[in-house]
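Some notes on the structure that comes next.
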Protein chains: 2
Amino acid sequence: MKVSEILKEKFPQLAFAPDLIEEIIENGSVHRYEKDTVILKENSYVKYFPLVLSGLVKIYKEEENGNELLLYYIKPGETCIVSVISAENDVKVPVKGVIEEDVETFILPKKILYDLRKKYPEWNLFIYNSFNDKFEEVIEMIKVVTFSNKEKRLYDFLVKKSELNNSNEVCKSHQEIANELGSSREVISRLLKKLEKEEKVKLSLKKITIL
Amino acid sequence: MKVSEILKEKFPQLAFAPDLIEEIIENGSVHRYEKDTVILKENSYVKYFPLVLSGLVKIYKEEENGNELLLYYIKPGETCIVSVISAENDVKVPVKGVIEEDVETFILPKKILYDLRKKYPEWNLFIYNSFNDKFEEVIEMIKVVTFSNKEKRLYDFLVKKSELNNSNEVCKSHQEIANELGSSREVISRLLKKLEKEEKVKLSLKKITIL
DNA sequence: ATTATGATGTGACTAATGTCACAGAAAATT
DNA sequence: AATTTTCTGTGACATTAGTCACATCATAAT
C-alpha cells in the first residue's frame with residue numbers, strides 16, 4: 001500500500017480535505033524508529049512533528065528526583081500535540097517521548113504548521129480534537145487516581161496497555177510498572193499477586209497475561 | 001471603559017489581529033452571572049461560549065456516586081475550551097460549570113466558531129494555547145496527586161485558590177474543600193490543624209488565611 | 001434567650017500504601 | 001559450570017488516609 005493511502009486511512013479527519021492531505025503528503029516522509037529510541041528530548045526545540053502510522057510512543061515527564069510521570073501514549077492515527085504546540089510557539093517541549101513499540105511515522109517539518117493553521121479549518125479541528133482526546137485521557141487518570149485504590153489503578157493500566165498492544169499480554173517488569181504508576185516495586189508485586197489470586201491476571205517473568 | 005477596550009486588554013492574543021477582534025465584538029455581548037449560577041450543565045448542548053472578563057468559573061465533573069472531580073478554574077482572559085470543542089463537534093459537554101466568583105463575560109454564539117476557525121490563524125493559536133494551558137494545569141494536578149500526600153495537595157490547593165482570588169484568604173468550609181480534593185471532611189480538618197501548627201495557615205470559620 | 005443548624009475538633013480504629021530487609025528463582029555473563 | 005545480575009516474593013513495620021463516633025462552638029432562626 002502506498003504511503004498516501006495509509007495516511008488517508010489512519011487520518012480520515014485530514015483526508016476529508018483533499019488539498020490538506022495533498023499538502024501534507026508533499027511535505028513529509030516516512031520514518032521508522034525502534035523500541036526505546038528517544039524521539040523527544042525534554043527541554044529541546046522541535047524541528048519536526050509526527051503523524052503516527054503504526055506502533056506506540058510513550059509520553060512522560062521525568063522529575064528531578066528520578067520520578068517518572070506517565071502522561072499518555074500516542075497511537076496510530078494521532079499526532080504529538082505537545083510537539084505541535086511547542087513548535088507553533090517556538091518554545092521547548094516540556095515532556096519526553098520514547099518509542100514503546102516500533103513505530104512507523106510520517107514526519108513533517110515544523111515550518112509547515114503556520115500554513116496548515118492558516119489555510120485549513122479541518123487541520124485546526126484535527127488539532128482541537130487531538131488535544132481534547134488526550135485531555136480526556138488525562139482527566140480519566142485523575143479520576144482513577146483520586147477515587148480508586150492502587151489495585152484498580154494497576155488493573156486499569158494493564159487492561160489499557162494490553163488493548164494498545166492488541167494483545168492480552170503486558171511485557172514489563174514490576175519495577176517498570178511501578179515507575180509508570182508512581183508506586184514502589186514491592187507494592188506492585190503484592191497487588192499483582194492479589195490480582196492473580198482473584199484470577200484476573202496470570203504472572204510470568206516480565207509478562208502479565210490479562211484473563 | 002468600553003467593552004471593546006476591556007476585551008482587547010484581557011485577550012491580547014486576539015487583539016493582535018484587528019479583523020478578528022472586530023468580528024468578535026460585533027457578534028457578542030456582555031453578560032453577568034452571580035456566584036453559584038450553573039452556566040454549563042453536564043450532558044447538554046452548548047449554544048454559546050464565553051470570553052471571561054472578570055470573576056472565576058469552576059469546571060468539574062459530578063460522578064454518579066456524588067463524587068466531585070475538580071478539573072480547573074476559568075480565569076479572566078480565558079475561554080471555555082470544553083464548550084468550544086463540544087460546540088465545534090456538536091456533541092454534549094462532559095463537564096459542569098459553576099460561577100465561583102461573580103463573573104462578567106463576553107458571550108458569543110456557537111455558529112461563529114466555524115468562521116473564526118476558517119478565517120483567523122490567530123484564533124486557532126488562541127484555542128491551541130487555551131487547551132495547552134489547561135492541559136498543563138491538569139498535568140500538574142496528576143503530579144501532585146501521584147507523588148505527594150494530601151497535606152501538600154491541600155496546601156497547594158489553598159495557595160493556588162487564594163492567588164486566583166487575588167487575596168490570601170480562601171473562604172470555603174472544610175467540607176467543600178474535601179469535596180474538591182476528593183477526600184473526607186475529617187481528614188481535611190485534621191490536615192488544616194496540622195498546617196496551622198506549622199504556621200502555614202490561620203483558621204477561622206469558613207475562612208483560611210495563607211500565611 | 002432558646003433552639004436548631006451547620007461547622008469544626010478530635011479520639012479510636014481500620015485499611016491502604018510505602019519502606020526495609022532479605023531470600024529465592026531465572027536469565028545473562030563470564 | 002560458576003558467577004553475577006535482574007526479577008520476583010514476602011514478612012515486619014511505619015505512615016498516611018479514611019471512617020465512625022461524639023463533643024464543642026458559631027451563627028441563624030424562632
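Scheme for the C-alpha cells: letters A, B, ... for chains in order shown; per-chain residue numbers from 1; ligand numbers from 1 in order shown.
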
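For Glu63 of chain B, the set of protein, DNA and RNA residues having any atom at most 12 Å away, when counting only C-alpha atoms (C1' of nucleotides) and skipping those fewer than 3 positions along the same chain, is Glu140, Lys143, Val144, Thr146 and Phe147 of chain A; Glu42, Tyr60, Gly66, Asn67, Glu68, Leu69, Leu70, Pro94, Val95, Lys96, Asn179 and Gly182 of chain B.
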
Select, as a PDB file with C-alpha atoms, in the first residue's frame, those residues of chain A with any atom no more than 10 Å from chain B (distances computed using only C-alpha atoms).
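To be explicit, this is the file written out as part02.pdb:
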ATOM      1  CA  LYS A  61       7.863  13.701  32.337  1.00  0.00           C
ATOM      2  CA  GLU A  63      11.139  14.633  37.644  1.00  0.00           C
ATOM      3  CA  ASN A  67      10.357  10.013  39.339  1.00  0.00           C
ATOM      4  CA  GLU A  68       8.589   9.261  36.104  1.00  0.00           C
ATOM      5  CA  LEU A  69       5.174  10.790  35.406  1.00  0.00           C
ATOM      6  CA  LEU A  70       3.371   8.878  32.667  1.00  0.00           C
ATOM      7  CA  LEU A  71       1.096  11.185  30.671  1.00  0.00           C
ATOM      8  CA  ILE A  81       0.149  17.710  20.373  1.00  0.00           C
ATOM      9  CA  VAL A  82       2.971  18.766  22.651  1.00  0.00           C
ATOM     10  CA  VAL A  84       2.776  20.917  17.626  1.00  0.00           C
ATOM     11  CA  ILE A  85       2.147  23.474  20.372  1.00  0.00           C
ATOM     12  CA  SER A  86       5.818  23.866  21.198  1.00  0.00           C
ATOM     13  CA  GLU A  88       3.871  26.824  16.952  1.00  0.00           C
ATOM     14  CA  ASN A  89       5.018  28.917  19.910  1.00  0.00           C
ATOM     15  CA  PRO A  94       8.169  20.062  28.435  1.00  0.00           C
ATOM     16  CA  TYR A 114       1.630  28.023  10.189  1.00  0.00           C
ATOM     17  CA  ASP A 115       0.490  27.295   6.670  1.00  0.00           C
ATOM     18  CA  LEU A 116      -1.738  24.439   7.792  1.00  0.00           C
ATOM     19  CA  ARG A 117      -3.205  26.522  10.583  1.00  0.00           C
ATOM     20  CA  LYS A 118      -3.894  29.431   8.219  1.00  0.00           C
ATOM     21  CA  LYS A 119      -5.330  27.523   5.298  1.00  0.00           C
ATOM     22  CA  TYR A 120      -7.220  24.519   6.604  1.00  0.00           C
ATOM     23  CA  PRO A 121     -10.087  24.658   9.095  1.00  0.00           C
ATOM     24  CA  GLU A 122     -10.012  20.846   9.031  1.00  0.00           C
ATOM     25  CA  TRP A 123      -6.428  20.855  10.239  1.00  0.00           C
ATOM     26  CA  ASN A 124      -7.392  23.112  13.096  1.00  0.00           C
ATOM     27  CA  LEU A 125     -10.309  20.930  14.100  1.00  0.00           C
ATOM     28  CA  ILE A 127      -5.611  19.705  16.410  1.00  0.00           C
ATOM     29  CA  TYR A 128      -8.502  20.741  18.673  1.00  0.00           C
ATOM     30  CA  ASN A 129      -9.709  17.166  18.781  1.00  0.00           C
ATOM     31  CA  PHE A 131      -5.906  17.930  22.303  1.00  0.00           C
ATOM     32  CA  ASN A 132      -9.333  17.050  23.513  1.00  0.00           C
ATOM     33  CA  LYS A 134      -5.539  13.476  25.355  1.00  0.00           C
ATOM     34  CA  PHE A 135      -7.220  15.849  27.737  1.00  0.00           C
ATOM     35  CA  GLU A 136      -9.983  13.328  28.331  1.00  0.00           C
ATOM     36  CA  VAL A 138      -5.660  12.611  31.443  1.00  0.00           C
ATOM     37  CA  ILE A 139      -8.931  13.537  33.184  1.00  0.00           C
ATOM     38  CA  MET A 141      -6.343   9.331  35.016  1.00  0.00           C
ATOM     39  CA  ILE A 142      -7.087  11.975  37.639  1.00  0.00           C
ATOM     40  CA  LYS A 143     -10.413  10.350  38.327  1.00  0.00           C
ATOM     41  CA  VAL A 145      -6.003   8.387  40.986  1.00  0.00           C
ATOM     42  CA  THR A 146      -8.403  10.427  43.104  1.00  0.00           C
ATOM     43  CA  PHE A 147     -11.165   7.943  43.778  1.00  0.00           C
ATOM     44  CA  LEU A 181       2.246   4.353  38.131  1.00  0.00           C
ATOM     45  CA  GLY A 182       4.385   6.274  40.615  1.00  0.00           C
ATOM     46  CA  SER A 183       4.478   3.470  43.151  1.00  0.00           C
TER      47      SER A 183
END

Practice item. Would you give me, as number ranges by chain, the residues of chain C that come within 8 Å of chain A, using only C-alpha atoms (C1' of nucleotides)? Key: C: 16-18

Exercise for review: Determine which residues of segment 24-166 of chain A receive a DSSP assignment of alpha helix (DSSP H), computed from the backbone, and state them as an MDAnalysis selection string.
Suggested key: chainID A and resid 24:27 81:89 112:119 121:147 150:164

Exercise for review: Name all residues at most 9 Å from Leu192 of chain B (count only C-alpha atoms (C1' of nucleotides); drop same-chain ones fewer than 3 positions away) and give them as JSON, numbers by chain.
Suggested key: {"B": [151, 154, 155, 174, 187, 188, 189, 195, 196, 197, 201, 202, 203, 208]}

Can you list, as a PDB file with C-alpha atoms, in the first residue's frame, every protein, DNA or RNA residue that comes within 10 Å of Cys80 of chain A when you count only C-alpha atoms (C1' of nucleotides), leaving out same-chain residues fewer than 4 positions away?
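Resulting contents of result.pdb:
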ATOM      1  CA  LEU A  40      11.510  13.761  22.007  1.00  0.00           C
ATOM      2  CA  PHE A  49       6.321  16.710  14.218  1.00  0.00           C
ATOM      3  CA  PRO A  50       4.881  13.258  13.523  1.00  0.00           C
ATOM      4  CA  LEU A  51       1.721  11.678  12.207  1.00  0.00           C
ATOM      5  CA  VAL A  52       1.980   8.199  13.695  1.00  0.00           C
ATOM      6  CA  VAL A  57       5.039   6.264  21.653  1.00  0.00           C
ATOM      7  CA  ILE A  59       4.995  10.500  26.536  1.00  0.00           C
ATOM      8  CA  TYR A  73       0.601   7.016  24.727  1.00  0.00           C
ATOM      9  CA  ILE A  74       0.439   8.226  21.126  1.00  0.00           C
ATOM     10  CA  LYS A  75      -1.338   5.675  18.958  1.00  0.00           C
ATOM     11  CA  VAL A  84       2.776  20.917  17.626  1.00  0.00           C
ATOM     12  CA  ILE A  85       2.147  23.474  20.372  1.00  0.00           C
ATOM     13  CA  GLY A  97       8.909  10.853  24.192  1.00  0.00           C
ATOM     14  CA  ILE A 127      -5.611  19.705  16.410  1.00  0.00           C
ATOM     15  CA  SER A 130      -6.241  15.721  19.268  1.00  0.00           C
ATOM     16  CA  PHE A 131      -5.906  17.930  22.303  1.00  0.00           C
ATOM     17  CA  LYS A 134      -5.539  13.476  25.355  1.00  0.00           C
TER      18      LYS A 134
END
